[in-house]
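Undergrad: Coordinates in final_39.cif, mmCIF, C-alpha atoms (C1' of nucleotides), are listed below.
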data_my_file
#
loop_
_atom_site.label_atom_id
_atom_site.label_comp_id
_atom_site.auth_asym_id
_atom_site.auth_seq_id
_atom_site.Cartn_x
_atom_site.Cartn_y
_atom_site.Cartn_z
CA MET A 1 57.34 193.37 57.99
CA SER A 2 53.63 192.64 58.08
CA ASP A 3 52.56 189.26 56.80
CA VAL A 4 48.93 188.19 56.57
CA ASN A 5 49.91 184.68 55.65
CA GLY A 6 51.97 184.04 58.72
CA GLU A 7 54.74 182.95 56.42
CA ALA A 8 58.31 183.75 57.42
CA LYS A 9 59.91 185.64 54.57
CA ALA A 10 62.45 188.34 53.90
CA ALA A 11 61.37 191.76 52.71
CA GLY A 12 60.39 191.70 49.05
CA ASP A 13 59.89 187.95 48.89
CA ALA A 14 56.80 186.66 47.09
CA PRO A 15 54.45 184.41 49.07
CA GLY A 16 56.00 180.98 49.26
CA LEU A 17 55.10 177.48 48.27
CA THR A 18 53.21 176.74 51.45
CA SER A 19 50.56 179.31 50.65
CA THR A 20 49.66 177.84 47.28
CA VAL A 21 46.36 176.04 46.77
CA VAL A 22 48.20 172.97 45.50
CA PHE A 23 50.36 172.68 48.62
CA ARG A 24 47.43 173.27 50.96
CA LEU A 25 45.16 170.80 49.16
CA GLY A 26 47.93 168.23 49.34
CA THR A 27 48.75 168.64 53.01
CA LEU A 28 45.17 169.12 54.22
CA GLY A 29 44.11 166.19 52.04
CA THR A 30 46.65 163.97 53.74
CA VAL A 31 45.58 165.03 57.20
CA ALA A 32 41.90 164.62 56.33
CA THR A 33 42.45 161.17 54.88
CA ASP A 34 44.54 160.11 57.86
CA ARG A 35 41.81 161.17 60.27
CA PHE A 36 39.15 159.46 58.18
CA THR A 37 41.28 156.31 58.02
CA ARG A 38 41.44 156.18 61.79
CA GLU A 39 37.65 156.56 62.08
CA ILE A 40 36.69 153.84 59.62
CA GLU A 41 39.23 151.43 61.04
CA GLN A 42 36.62 150.34 63.59
CA LEU A 43 34.42 149.23 60.68
CA GLY A 44 37.20 147.12 59.20
CA LEU A 45 37.50 149.48 56.25
CA LYS A 46 40.18 151.53 54.53
CA PRO A 47 39.60 154.59 52.36
CA LYS A 48 39.62 152.69 49.07
CA HIS A 49 36.97 150.29 50.33
CA VAL A 50 34.77 153.25 51.07
CA GLY A 51 35.67 154.76 47.72
CA LEU A 52 34.49 151.62 45.99
CA MET A 53 31.20 151.60 47.87
CA ALA A 54 30.68 155.28 47.15
CA ALA A 55 31.36 154.70 43.46
CA LEU A 56 28.82 151.87 43.40
CA SER A 57 26.22 153.97 45.19
CA LEU A 58 26.61 156.73 42.61
CA ALA A 59 26.18 154.38 39.66
CA ALA A 60 26.05 150.63 39.16
CA ALA A 61 29.16 149.16 37.58
CA ALA A 62 28.94 147.16 34.38
CA SER A 63 32.07 145.26 35.32
CA GLN A 64 34.98 145.37 37.74
CA GLN A 65 37.17 146.82 35.02
CA GLU A 66 34.77 149.62 34.31
CA LEU A 67 34.70 150.34 38.04
CA ALA A 68 38.50 150.28 38.21
CA ALA A 69 38.65 152.84 35.40
CA ARG A 70 36.17 155.09 37.21
CA MET A 71 38.13 154.81 40.44
CA GLY A 72 41.43 155.39 38.70
CA VAL A 73 43.01 152.21 40.10
CA ALA A 74 44.29 148.95 38.67
CA PRO A 75 41.69 146.21 38.05
CA SER A 76 43.67 143.87 40.29
CA LEU A 77 43.14 146.27 43.17
CA VAL A 78 39.37 146.16 42.68
CA VAL A 79 39.61 142.40 43.08
CA SER A 80 41.14 142.60 46.54
CA LEU A 81 38.92 145.49 47.63
CA ALA A 82 35.82 143.59 46.48
CA ASP A 83 37.10 140.41 48.15
CA HIS A 84 37.23 142.18 51.47
CA LEU A 85 33.91 143.97 51.04
CA GLU A 86 32.29 140.70 50.02
CA SER A 87 33.65 139.03 53.17
CA LEU A 88 31.94 141.80 55.15
CA GLY A 89 28.71 141.27 53.24
CA ALA A 90 28.88 144.80 51.88
CA VAL A 91 28.90 143.88 48.19
CA GLN A 92 27.74 140.96 46.12
CA ARG A 93 29.37 139.53 43.01
CA ILE A 94 26.88 138.30 40.46
CA ARG A 95 27.94 136.75 37.16
CA ASP A 96 26.43 138.50 34.20
CA PRO A 97 24.36 135.80 32.42
CA GLN A 98 24.81 137.71 29.13
CA ASP A 99 28.60 137.58 29.40
CA ARG A 100 29.80 135.12 31.96
CA ARG A 101 33.24 136.71 32.11
CA ARG A 102 31.78 139.73 33.85
CA GLN A 103 31.23 140.00 37.60
CA VAL A 104 28.58 142.57 38.36
CA LEU A 105 29.12 144.19 41.75
CA THR A 106 26.16 145.38 43.76
CA LEU A 107 26.00 147.18 47.08
CA THR A 108 24.02 145.15 49.60
CA GLU A 109 21.79 146.58 52.33
CA GLU A 110 24.69 145.91 54.67
CA GLY A 111 26.96 147.88 52.36
CA GLN A 112 24.52 150.75 52.17
CA GLY A 113 24.38 150.88 55.93
CA LEU A 114 28.15 150.79 56.17
CA LEU A 115 28.48 153.60 53.64
CA LYS A 116 25.96 155.62 55.58
CA ARG A 117 27.99 155.26 58.75
CA CYS A 118 31.12 156.34 56.90
CA THR A 119 29.31 159.36 55.51
CA SER A 120 28.19 160.30 58.98
CA MET A 121 31.77 160.03 60.23
CA ALA A 122 32.97 162.22 57.36
CA ARG A 123 30.38 164.85 58.24
CA THR A 124 31.58 164.89 61.82
CA LEU A 125 35.14 165.37 60.60
CA ASP A 126 33.91 168.17 58.33
CA GLU A 127 32.69 170.01 61.41
CA GLU A 128 36.08 169.57 62.99
CA PHE A 129 38.02 170.75 59.96
CA THR A 130 35.86 173.77 59.28
CA ALA A 131 35.37 174.75 62.90
CA GLY A 132 37.48 177.88 62.43
CA LEU A 133 35.39 179.10 59.49
CA THR A 134 32.31 181.30 59.50
CA LYS A 135 29.12 179.84 58.00
CA THR A 136 29.68 182.00 54.93
CA GLN A 137 33.26 180.77 54.54
CA ARG A 138 32.14 177.17 54.94
CA LYS A 139 29.55 177.60 52.23
CA ALA A 140 32.10 179.24 49.92
CA LEU A 141 34.62 176.47 50.57
CA THR A 142 32.11 173.75 49.81
CA GLU A 143 31.10 175.38 46.56
CA ALA A 144 34.71 175.98 45.48
CA LEU A 145 35.64 172.36 46.20
CA ARG A 146 32.58 171.15 44.28
CA VAL A 147 33.55 173.16 41.20
CA MET A 148 37.19 172.08 41.32
CA ALA A 149 36.23 168.43 41.76
CA LYS A 150 33.86 168.60 38.81
CA ASP A 151 36.52 170.24 36.64
CA ALA A 152 39.04 167.57 37.64
CA GLY A 153 36.62 164.83 36.63
CA LEU A 154 36.03 163.75 40.22
CA PRO A 155 32.61 162.83 41.67
CA MET B 1 14.70 165.01 41.02
CA SER B 2 16.77 168.20 41.03
CA ASP B 3 20.28 167.90 42.42
CA VAL B 4 22.67 170.82 42.70
CA ASN B 5 25.51 168.53 43.65
CA GLY B 6 25.23 166.38 40.59
CA GLU B 7 25.12 163.43 42.92
CA ALA B 8 22.95 160.48 41.92
CA LYS B 9 20.59 159.75 44.75
CA ALA B 10 17.10 158.55 45.41
CA ALA B 11 14.39 160.90 46.61
CA GLY B 12 14.84 161.77 50.27
CA ASP B 13 18.47 160.70 50.44
CA ALA B 14 20.87 163.00 52.25
CA PRO B 15 23.88 164.30 50.29
CA GLY B 16 26.41 161.52 50.10
CA LEU B 17 29.99 160.97 51.12
CA THR B 18 31.42 162.43 47.95
CA SER B 19 30.10 165.87 48.76
CA THR B 20 31.83 166.10 52.14
CA VAL B 21 34.77 168.41 52.66
CA VAL B 22 36.87 165.51 53.90
CA PHE B 23 36.28 163.42 50.77
CA ARG B 24 36.90 166.35 48.44
CA LEU B 25 40.05 167.44 50.25
CA GLY B 26 41.33 163.89 50.05
CA THR B 27 40.62 163.33 46.37
CA LEU B 28 41.59 166.81 45.18
CA GLY B 29 44.70 166.61 47.36
CA THR B 30 45.74 163.40 45.65
CA VAL B 31 45.16 164.80 42.18
CA ALA B 32 47.00 168.02 43.04
CA THR B 33 49.96 166.15 44.49
CA ASP B 34 50.10 163.81 41.50
CA ARG B 35 50.17 166.74 39.10
CA PHE B 36 52.82 168.51 41.18
CA THR B 37 54.87 165.31 41.32
CA ARG B 38 54.90 165.11 37.55
CA GLU B 39 56.04 168.74 37.25
CA ILE B 40 58.94 168.55 39.71
CA GLU B 41 60.14 165.26 38.27
CA GLN B 42 62.14 167.25 35.71
CA LEU B 43 64.05 168.82 38.60
CA GLY B 44 64.92 165.44 40.06
CA LEU B 45 62.66 166.09 43.03
CA LYS B 46 59.72 164.43 44.76
CA PRO B 47 57.15 166.14 46.97
CA LYS B 48 58.92 165.36 50.25
CA HIS B 49 62.16 166.87 48.95
CA VAL B 50 60.29 170.06 48.24
CA GLY B 51 58.59 169.82 51.62
CA LEU B 52 61.96 169.64 53.32
CA MET B 53 63.25 172.66 51.43
CA ALA B 54 60.07 174.59 52.19
CA ALA B 55 60.38 173.72 55.87
CA LEU B 56 63.98 174.93 55.90
CA SER B 57 63.05 178.15 54.14
CA LEU B 58 60.38 178.87 56.75
CA ALA B 59 62.74 178.32 59.68
CA ALA B 60 66.25 176.97 60.13
CA ALA B 61 66.41 173.54 61.72
CA ALA B 62 68.39 172.92 64.88
CA SER B 63 68.89 169.31 63.89
CA GLN B 64 67.62 166.70 61.48
CA GLN B 65 65.47 165.23 64.23
CA GLU B 66 63.84 168.53 64.98
CA LEU B 67 63.14 168.91 61.26
CA ALA B 68 61.69 165.39 61.10
CA ALA B 69 59.33 166.25 63.94
CA ARG B 70 58.21 169.42 62.16
CA MET B 71 57.64 167.53 58.92
CA GLY B 72 55.83 164.70 60.68
CA VAL B 73 58.13 162.02 59.25
CA ALA B 74 60.65 159.55 60.66
CA PRO B 75 64.21 160.83 61.21
CA SER B 76 65.52 158.12 58.92
CA LEU B 77 63.49 159.59 56.09
CA VAL B 78 65.08 162.99 56.58
CA VAL B 79 68.44 161.28 56.12
CA SER B 80 67.61 159.98 52.65
CA LEU B 81 65.82 163.16 51.61
CA ALA B 82 68.79 165.25 52.74
CA ASP B 83 71.21 162.83 51.04
CA HIS B 84 69.50 163.42 47.73
CA LEU B 85 69.16 167.18 48.18
CA GLU B 86 72.82 167.37 49.17
CA SER B 87 73.79 165.49 46.00
CA LEU B 88 71.90 168.15 44.04
CA GLY B 89 73.69 170.89 45.96
CA ALA B 90 70.38 172.11 47.36
CA VAL B 91 71.24 171.73 51.02
CA GLN B 92 74.41 171.63 53.07
CA ARG B 93 75.13 169.56 56.14
CA ILE B 94 77.26 171.34 58.66
CA ARG B 95 78.33 169.73 61.92
CA ASP B 96 77.39 171.77 64.93
CA PRO B 97 80.75 172.56 66.65
CA GLN B 98 78.92 172.85 70.01
CA ASP B 99 77.54 169.32 69.69
CA ARG B 100 79.26 167.30 67.03
CA ARG B 101 76.44 164.77 66.90
CA ARG B 102 74.17 167.33 65.28
CA GLN B 103 74.04 168.00 61.55
CA VAL B 104 72.70 171.46 60.84
CA LEU B 105 70.95 171.61 57.48
CA THR B 106 70.99 174.80 55.48
CA LEU B 107 69.37 175.68 52.19
CA THR B 108 72.01 176.72 49.64
CA GLU B 109 71.55 179.33 46.92
CA GLU B 110 71.00 176.42 44.58
CA GLY B 111 68.32 175.09 46.90
CA GLN B 112 66.65 178.48 47.13
CA GLY B 113 66.53 178.66 43.35
CA LEU B 114 65.13 175.17 43.12
CA LEU B 115 62.46 175.97 45.69
CA LYS B 116 61.57 179.10 43.76
CA ARG B 117 61.06 177.11 40.59
CA CYS B 118 58.85 174.63 42.44
CA THR B 119 56.81 177.49 43.86
CA SER B 120 56.36 178.90 40.39
CA MET B 121 55.19 175.51 39.14
CA ALA B 122 52.73 175.27 42.02
CA ARG B 123 51.34 178.69 41.16
CA THR B 124 50.80 177.62 37.58
CA LEU B 125 48.95 174.54 38.80
CA ASP B 126 46.89 176.77 41.10
CA GLU B 127 45.67 178.65 38.04
CA GLU B 128 44.72 175.36 36.45
CA PHE B 129 42.89 174.03 39.49
CA THR B 130 40.98 177.22 40.18
CA ALA B 131 40.25 178.09 36.55
CA GLY B 132 36.55 177.38 37.05
CA LEU B 133 36.26 179.76 40.01
CA THR B 134 35.46 183.46 40.03
CA LYS B 135 38.06 185.81 41.53
CA THR B 136 35.88 186.13 44.60
CA GLN B 137 35.59 182.37 44.98
CA ARG B 138 39.33 181.96 44.57
CA LYS B 139 39.97 184.49 47.30
CA ALA B 140 37.48 182.79 49.59
CA LEU B 141 39.01 179.38 48.91
CA THR B 142 42.53 180.61 49.66
CA GLU B 143 41.43 182.14 52.93
CA ALA B 144 39.46 179.07 53.99
CA LEU B 145 42.41 176.79 53.25
CA ARG B 146 44.73 179.11 55.16
CA VAL B 147 42.53 179.00 58.26
CA MET B 148 42.08 175.22 58.12
CA ALA B 149 45.82 174.67 57.66
CA LYS B 150 46.60 176.89 60.62
CA ASP B 151 44.04 175.09 62.79
CA ALA B 152 45.50 171.73 61.75
CA GLY B 153 48.99 172.85 62.76
CA LEU B 154 50.21 172.99 59.18
CA PRO B 155 52.41 175.75 57.74
"C1'" DT C 1 42.18 135.83 19.18
"C1'" DA C 2 40.42 139.30 22.60
"C1'" DT C 3 38.63 140.34 27.10
"C1'" DT C 4 37.39 139.67 32.27
"C1'" DG C 5 38.75 138.47 36.42
"C1'" DT C 6 42.35 136.56 39.16
"C1'" DT C 7 46.91 135.45 40.94
"C1'" DA C 8 51.93 136.19 41.21
"C1'" DT C 9 55.38 139.29 41.42
"C1'" DA C 10 57.72 143.60 41.96
"C1'" DC C 11 58.19 148.36 43.14
"C1'" DT C 12 57.60 152.67 45.92
"C1'" DC C 13 57.19 154.82 50.12
"C1'" DT C 14 58.04 155.08 54.76
"C1'" DA C 15 58.42 153.34 59.44
"C1'" DT C 16 60.90 150.55 63.08
"C1'" DA C 17 64.89 148.64 64.83
"C1'" DA C 18 69.77 147.96 65.09
"C1'" DC C 19 74.12 150.28 64.97
"C1'" DT C 20 77.87 154.09 65.28
"C1'" DA C 21 79.71 158.24 66.99
"C1'" DT C 22 79.51 161.73 70.26
"C1'" DA C 23 78.00 163.58 74.61
"C1'" DT D 1 74.04 156.05 79.81
"C1'" DA D 2 71.58 158.94 76.49
"C1'" DT D 3 71.12 161.17 72.05
"C1'" DA D 4 71.90 162.40 66.81
"C1'" DG D 5 72.48 160.42 62.73
"C1'" DT D 6 72.79 156.47 59.86
"C1'" DT D 7 71.98 151.87 57.98
"C1'" DA D 8 69.27 147.57 57.71
"C1'" DT D 9 65.08 145.56 57.60
"C1'" DA D 10 60.20 145.15 57.18
"C1'" DG D 11 55.41 146.40 56.12
"C1'" DA D 12 51.67 148.76 53.58
"C1'" DG D 13 49.82 149.90 49.37
"C1'" DT D 14 49.40 149.40 44.64
"C1'" DA D 15 50.87 148.52 39.91
"C1'" DT D 16 52.44 145.30 36.17
"C1'" DA D 17 52.63 140.96 34.20
"C1'" DA D 18 51.37 136.20 33.77
"C1'" DC D 19 47.43 133.12 33.78
"C1'" DA D 20 42.64 130.99 33.49
"C1'" DA D 21 37.93 131.19 31.87
"C1'" DT D 22 34.81 132.84 28.63
"C1'" DA D 23 33.65 135.21 24.41
#
Please express what this file holds, its structure, as structure tokens.
TA:
Amino acid sequence: MSDVNGEAKAAGDAPGLTSTVVFRLGTLGTVATDRFTREIEQLGLKPKHVGLMAALSLAAAASQQELAARMGVAPSLVVSLADHLESLGAVQRIRDPQDRRRQVLTLTEEGQGLLKRCTSMARTLDEEFTAGLTKTQRKALTEALRVMAKDAGLP
Amino acid sequence: MSDVNGEAKAAGDAPGLTSTVVFRLGTLGTVATDRFTREIEQLGLKPKHVGLMAALSLAAAASQQELAARMGVAPSLVVSLADHLESLGAVQRIRDPQDRRRQVLTLTEEGQGLLKRCTSMARTLDEEFTAGLTKTQRKALTEALRVMAKDAGLP
DNA sequence: TATTGTTATACTCTATAACTATA
DNA sequence: TATAGTTATAGAGTATAACAATA
């Protein structure tokens, strides 16, 4: 029987799990992240480090806890991520004089440069991942992902 | 300044990391998998269990090792996944009489039913994730994901 | 007493390595 | 001796809980 999806199935079967958006987002997301992880390794970074820098570049954080909430991770994780980024000179911790419990994180010039290099690497990977798509398809994909991310409360 | 991507940025800045396909696939993939994980929990399953069943439904496995290679996981992981699925009656281990070292895994009727329920759950989540898209956009997204998955060697 | 950041601890996932049975 | 499956062990990643400083 003909099968546009390339999915092995008996006659009369509905399209299977592997053709769902959820399954494909999950599997492609893993592959994409794995490839990205390998690229940024040379910078001494892991995805969450980059995520933290990206979050900071989008909006300054009032505190580490507020940042943790935005990133959807535990505050204790922000501590170790920030520790590492600080050791690389990518972020600075500055005590809030108004409330000395708070540590205000800021992205340094070094951090901005690092983030820029990561962004450039991601763009190169984008080319790779979308190489099989027409320009029109690429545009449509980008827009669809943007809308879904927005609806899911993601940046 | 105007910004279609909703991304905070200074004048002259290029679109940032968060608007790349790689970043969006990664983050949306995580959210999608987390949501799916919560759904299948009631069936006593985790994503990799479903992945194993899906792999079996696409093509019979000659051995657990061959299946592990197809799934991109360690053979020892297939053991524990199959252990659990066997305890649920979802798969059967049958010794290959030609080579008694091999365990041939087969999806039982129970397993097929379980997989069907998971697929149905994934379809419901698809609706949720793509709710903000037009029918045309949804179609374009599905096709783009299909092509990228194929190019990445995914089912 | 409540909150921020930190440290200590534990848990989940999965891989590597050692082991057993069969070839 | 080599291979399939299994079991034992270890590492990465991250959360929860206990703790210290400040409010």
Undergrad: What are the residues of chain C lining chain B at 9 Å or less? Count all atoms listed in the file, and put the answer as a PyMOL selection string.
TA: chain C and resi 14-15+21-23
Undergrad: Convert the output of the PyMOL selection byres ((chain D) within 9 of (chain A)) on the shown file into explicit residues, formatted as an MDAnalysis selection string.
TA: chainID D and resid 14:15 21:23
Undergrad: Residues of chain A near chain B: apply a cut-off of 6 Å, count all atoms listed in the file, and supply the list as a PDB file with C-alpha atoms, in the coordinates of the input.
TA:
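The new file selection.pdb reads:
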ATOM      1  CA  ALA A   8      58.310 183.750  57.420  1.00  0.00           C
ATOM      2  CA  LEU A  17      55.100 177.480  48.270  1.00  0.00           C
ATOM      3  CA  VAL A  21      46.360 176.040  46.770  1.00  0.00           C
ATOM      4  CA  VAL A  22      48.200 172.970  45.500  1.00  0.00           C
ATOM      5  CA  LEU A  25      45.160 170.800  49.160  1.00  0.00           C
ATOM      6  CA  GLY A  26      47.930 168.230  49.340  1.00  0.00           C
ATOM      7  CA  GLY A  29      44.110 166.190  52.040  1.00  0.00           C
ATOM      8  CA  ALA A  32      41.900 164.620  56.330  1.00  0.00           C
ATOM      9  CA  THR A  33      42.450 161.170  54.880  1.00  0.00           C
ATOM     10  CA  LEU A  58      26.610 156.730  42.610  1.00  0.00           C
ATOM     11  CA  THR A 119      29.310 159.360  55.510  1.00  0.00           C
ATOM     12  CA  ASP A 126      33.910 168.170  58.330  1.00  0.00           C
ATOM     13  CA  LEU A 141      34.620 176.470  50.570  1.00  0.00           C
TER      14      LEU A 141
END
Undergrad: Between B:Thr108, B:Gln103, B:Gln64, B:Leu56, which residue has the minimum interatomic distance to Ser87 (chain B), considering only C-alpha atoms?
TA: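 Ranked by minimum distance to Ser87 (chain B), first place goes to B:Thr108.
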Undergrad: Please identify all polymer residues within 8 Å of Glu110 (chain B), counting only C-alpha atoms (C1' of nucleotides), omitting same-chain residues fewer than 5 positions from it, and present them as number ranges by chain.
TA: B: 89-91
Undergrad: Residue by residue, what does the PyMOL selection byres ((chain C and resi 19) around 9) grab here? Present the result as a PyMOL selection string.
TA: (chain C and resi 18+20) or (chain D and resi 6-7)
